[in-house]
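Below is upload.pdb, which holds PDB, C-alpha atoms.
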ATOM      1  CA  MET N   1     -32.737  18.087  27.087  1.00  0.00           C
ATOM      2  CA  PRO N   2     -31.607  21.703  27.136  1.00  0.00           C
ATOM      3  CA  LEU N   3     -28.815  22.948  24.905  1.00  0.00           C
ATOM      4  CA  ILE N   4     -25.931  24.737  26.595  1.00  0.00           C
ATOM      5  CA  LYS N   5     -23.595  27.121  24.813  1.00  0.00           C
ATOM      6  CA  ILE N   6     -20.075  27.092  26.288  1.00  0.00           C
ATOM      7  CA  PRO N   7     -17.290  29.450  25.171  1.00  0.00           C
ATOM      8  CA  LYS N   8     -14.375  27.624  23.510  1.00  0.00           C
ATOM      9  CA  HIS N   9     -11.814  28.840  26.038  1.00  0.00           C
ATOM     10  CA  TYR N  10     -13.362  26.425  28.602  1.00  0.00           C
ATOM     11  CA  LEU N  11     -12.646  23.407  26.397  1.00  0.00           C
ATOM     12  CA  VAL N  12     -10.110  21.014  27.919  1.00  0.00           C
ATOM     13  CA  TYR N  13     -10.395  17.915  25.750  1.00  0.00           C
ATOM     14  CA  GLN N  14     -12.466  16.710  22.795  1.00  0.00           C
ATOM     15  CA  ASP N  15     -12.794  13.338  21.075  1.00  0.00           C
ATOM     16  CA  GLU N  16     -15.367  11.652  18.829  1.00  0.00           C
ATOM     17  CA  ASP N  17     -17.746  10.788  21.678  1.00  0.00           C
ATOM     18  CA  SER N  18     -17.509  13.648  24.154  1.00  0.00           C
ATOM     19  CA  ILE N  19     -16.045  16.959  25.197  1.00  0.00           C
ATOM     20  CA  THR N  20     -14.537  17.912  28.538  1.00  0.00           C
ATOM     21  CA  VAL N  21     -14.853  21.465  29.786  1.00  0.00           C
ATOM     22  CA  ASP N  22     -13.648  23.271  32.877  1.00  0.00           C
ATOM     23  CA  VAL N  23     -16.266  25.893  33.767  1.00  0.00           C
ATOM     24  CA  PRO N  24     -16.459  28.116  36.843  1.00  0.00           C
ATOM     25  CA  GLU N  25     -18.784  27.093  39.673  1.00  0.00           C
ATOM     26  CA  SER N  26     -20.778  30.321  39.217  1.00  0.00           C
ATOM     27  CA  MET N  27     -21.658  29.283  35.672  1.00  0.00           C
ATOM     28  CA  LEU N  28     -22.917  25.900  36.898  1.00  0.00           C
ATOM     29  CA  LEU N  29     -25.067  27.564  39.550  1.00  0.00           C
ATOM     30  CA  ASN N  30     -26.686  29.787  36.900  1.00  0.00           C
ATOM     31  CA  TRP N  31     -27.411  26.755  34.707  1.00  0.00           C
ATOM     32  CA  LYS N  32     -29.003  24.917  37.628  1.00  0.00           C
ATOM     33  CA  LYS N  33     -31.169  27.936  38.429  1.00  0.00           C
ATOM     34  CA  ASP N  34     -32.224  28.337  34.787  1.00  0.00           C
ATOM     35  CA  TYR N  35     -32.902  24.599  34.423  1.00  0.00           C
ATOM     36  CA  LYS N  36     -35.092  24.688  37.528  1.00  0.00           C
ATOM     37  CA  LYS N  37     -37.134  27.541  36.029  1.00  0.00           C
ATOM     38  CA  ILE N  38     -37.519  25.629  32.759  1.00  0.00           C
ATOM     39  CA  SER N  39     -38.587  22.470  34.589  1.00  0.00           C
ATOM     40  CA  GLN N  40     -41.193  24.400  36.572  1.00  0.00           C
ATOM     41  CA  ALA N  41     -42.553  25.994  33.399  1.00  0.00           C
ATOM     42  CA  GLN N  42     -42.778  22.605  31.679  1.00  0.00           C
ATOM     43  CA  GLY N  43     -44.679  21.220  34.667  1.00  0.00           C
ATOM     44  CA  ILE N  44     -47.135  24.127  34.609  1.00  0.00           C
ATOM     45  CA  LEU N  45     -47.679  23.727  30.874  1.00  0.00           C
ATOM     46  CA  LYS N  46     -48.134  19.959  31.189  1.00  0.00           C
ATOM     47  CA  HIS N  47     -50.963  20.467  33.700  1.00  0.00           C
ATOM     48  CA  LYS N  48     -52.641  23.065  31.471  1.00  0.00           C
ATOM     49  CA  LYS N  49     -52.194  21.169  28.210  1.00  0.00           C
ATOM     50  CA  GLU N  50     -55.867  20.268  27.740  1.00  0.00           C
ATOM     51  CA  GLU N  51     -56.976  23.805  28.592  1.00  0.00           C
ATOM     52  CA  LEU N  52     -54.477  25.298  26.128  1.00  0.00           C
ATOM     53  CA  LEU N  53     -55.487  22.889  23.347  1.00  0.00           C
ATOM     54  CA  ALA N  54     -59.170  23.685  23.892  1.00  0.00           C
ATOM     55  CA  HIS N  55     -58.407  27.410  23.683  1.00  0.00           C
ATOM     56  CA  LEU N  56     -56.459  26.872  20.443  1.00  0.00           C
ATOM     57  CA  ASN N  57     -59.387  24.979  18.941  1.00  0.00           C
ATOM     58  CA  ILE N  58     -61.713  27.863  19.796  1.00  0.00           C
ATOM     59  CA  LEU N  59     -59.302  30.329  18.167  1.00  0.00           C
ATOM     60  CA  ARG N  60     -59.078  28.155  15.037  1.00  0.00           C
ATOM     61  CA  GLN N  61     -62.869  27.996  14.777  1.00  0.00           C
ATOM     62  CA  GLU N  62     -63.122  31.773  15.117  1.00  0.00           C
ATOM     63  CA  TRP N  63     -60.414  32.212  12.498  1.00  0.00           C
ATOM     64  CA  ASP N  64     -62.215  29.934  10.031  1.00  0.00           C
ATOM     65  CA  GLU N  65     -65.511  31.849  10.348  1.00  0.00           C
TER      66      GLU N  65
END

Serialized structure, structure tokens:
Amino acid sequence: MPLIKIPKHYLVYQDEDSITVDVPESMLLNWKKDYKKISQAQGILKHKKEELLAHLNILRQEWDE
């Protein structure tokens, strides 16, 4: 789950369990766009996981030599 930093002036209400904020629509659109990019990157990395791990093992072996 991504962390989101929100300026305090958007805070409307806060209690022990949650916070309520009133943010502009433009800010939400940027978050959605950024989250989509992150999700795509995670998907790409998930598909290349085995390839990346194999490459790391090769690098470790070279380092140990």

Inset, instruction - Provide the CA of Gly43 (chain N) to CA of Leu29 (chain N) distance in Å, to one decimal place. - result: 21.2 Å

Inset, instruction - Find, counting all atoms listed in the file, the residue in N:Asp64, N:Ser26, N:Lys32, N:Glu16 that gets nearest to Ile4 (chain N). - result: N:Lys32

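Pairwise distance (CA of Ile38 (chain N), CA of Asn57 (chain N)) equals 25.9 Å.
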
Legend entry - Hits of the PyMOL selection byres ((chain N and resi 8) around 12) in this structure, as a PyMOL selection string: chain N and resi 5-7+9-14+19-23

What would the file look like if the residues just selected were written as a PDB file, in the frame of the given file with C-alpha atoms?
ATOM      1  CA  LYS N   5     -23.595  27.121  24.813  1.00  0.00           C
ATOM      2  CA  ILE N   6     -20.075  27.092  26.288  1.00  0.00           C
ATOM      3  CA  PRO N   7     -17.290  29.450  25.171  1.00  0.00           C
ATOM      4  CA  HIS N   9     -11.814  28.840  26.038  1.00  0.00           C
ATOM      5  CA  TYR N  10     -13.362  26.425  28.602  1.00  0.00           C
ATOM      6  CA  LEU N  11     -12.646  23.407  26.397  1.00  0.00           C
ATOM      7  CA  VAL N  12     -10.110  21.014  27.919  1.00  0.00           C
ATOM      8  CA  TYR N  13     -10.395  17.915  25.750  1.00  0.00           C
ATOM      9  CA  GLN N  14     -12.466  16.710  22.795  1.00  0.00           C
ATOM     10  CA  ILE N  19     -16.045  16.959  25.197  1.00  0.00           C
ATOM     11  CA  THR N  20     -14.537  17.912  28.538  1.00  0.00           C
ATOM     12  CA  VAL N  21     -14.853  21.465  29.786  1.00  0.00           C
ATOM     13  CA  ASP N  22     -13.648  23.271  32.877  1.00  0.00           C
ATOM     14  CA  VAL N  23     -16.266  25.893  33.767  1.00  0.00           C
TER      15      VAL N  23
END

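CA of Tyr35 (chain N) sits 27.8 Å away from CA of His55 (chain N).
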
Inset, instruction - Determine the nearest neighbour of Leu3 (chain N) from the options N:His47, N:Asp34, N:Arg60, N:Pro24, counting all atoms listed in the file. - result: N:Asp34

Box dimensions and centre (Å, one decimal) enclosing region 34-53 of chain N, axis-aligned, 8 Å extra per side, as lines of an AutoDock Vina configuration file:
center_x = -44.6
center_y = 24.1
center_z = 30.4
size_x = 40.8
size_y = 24.4
size_z = 30.2
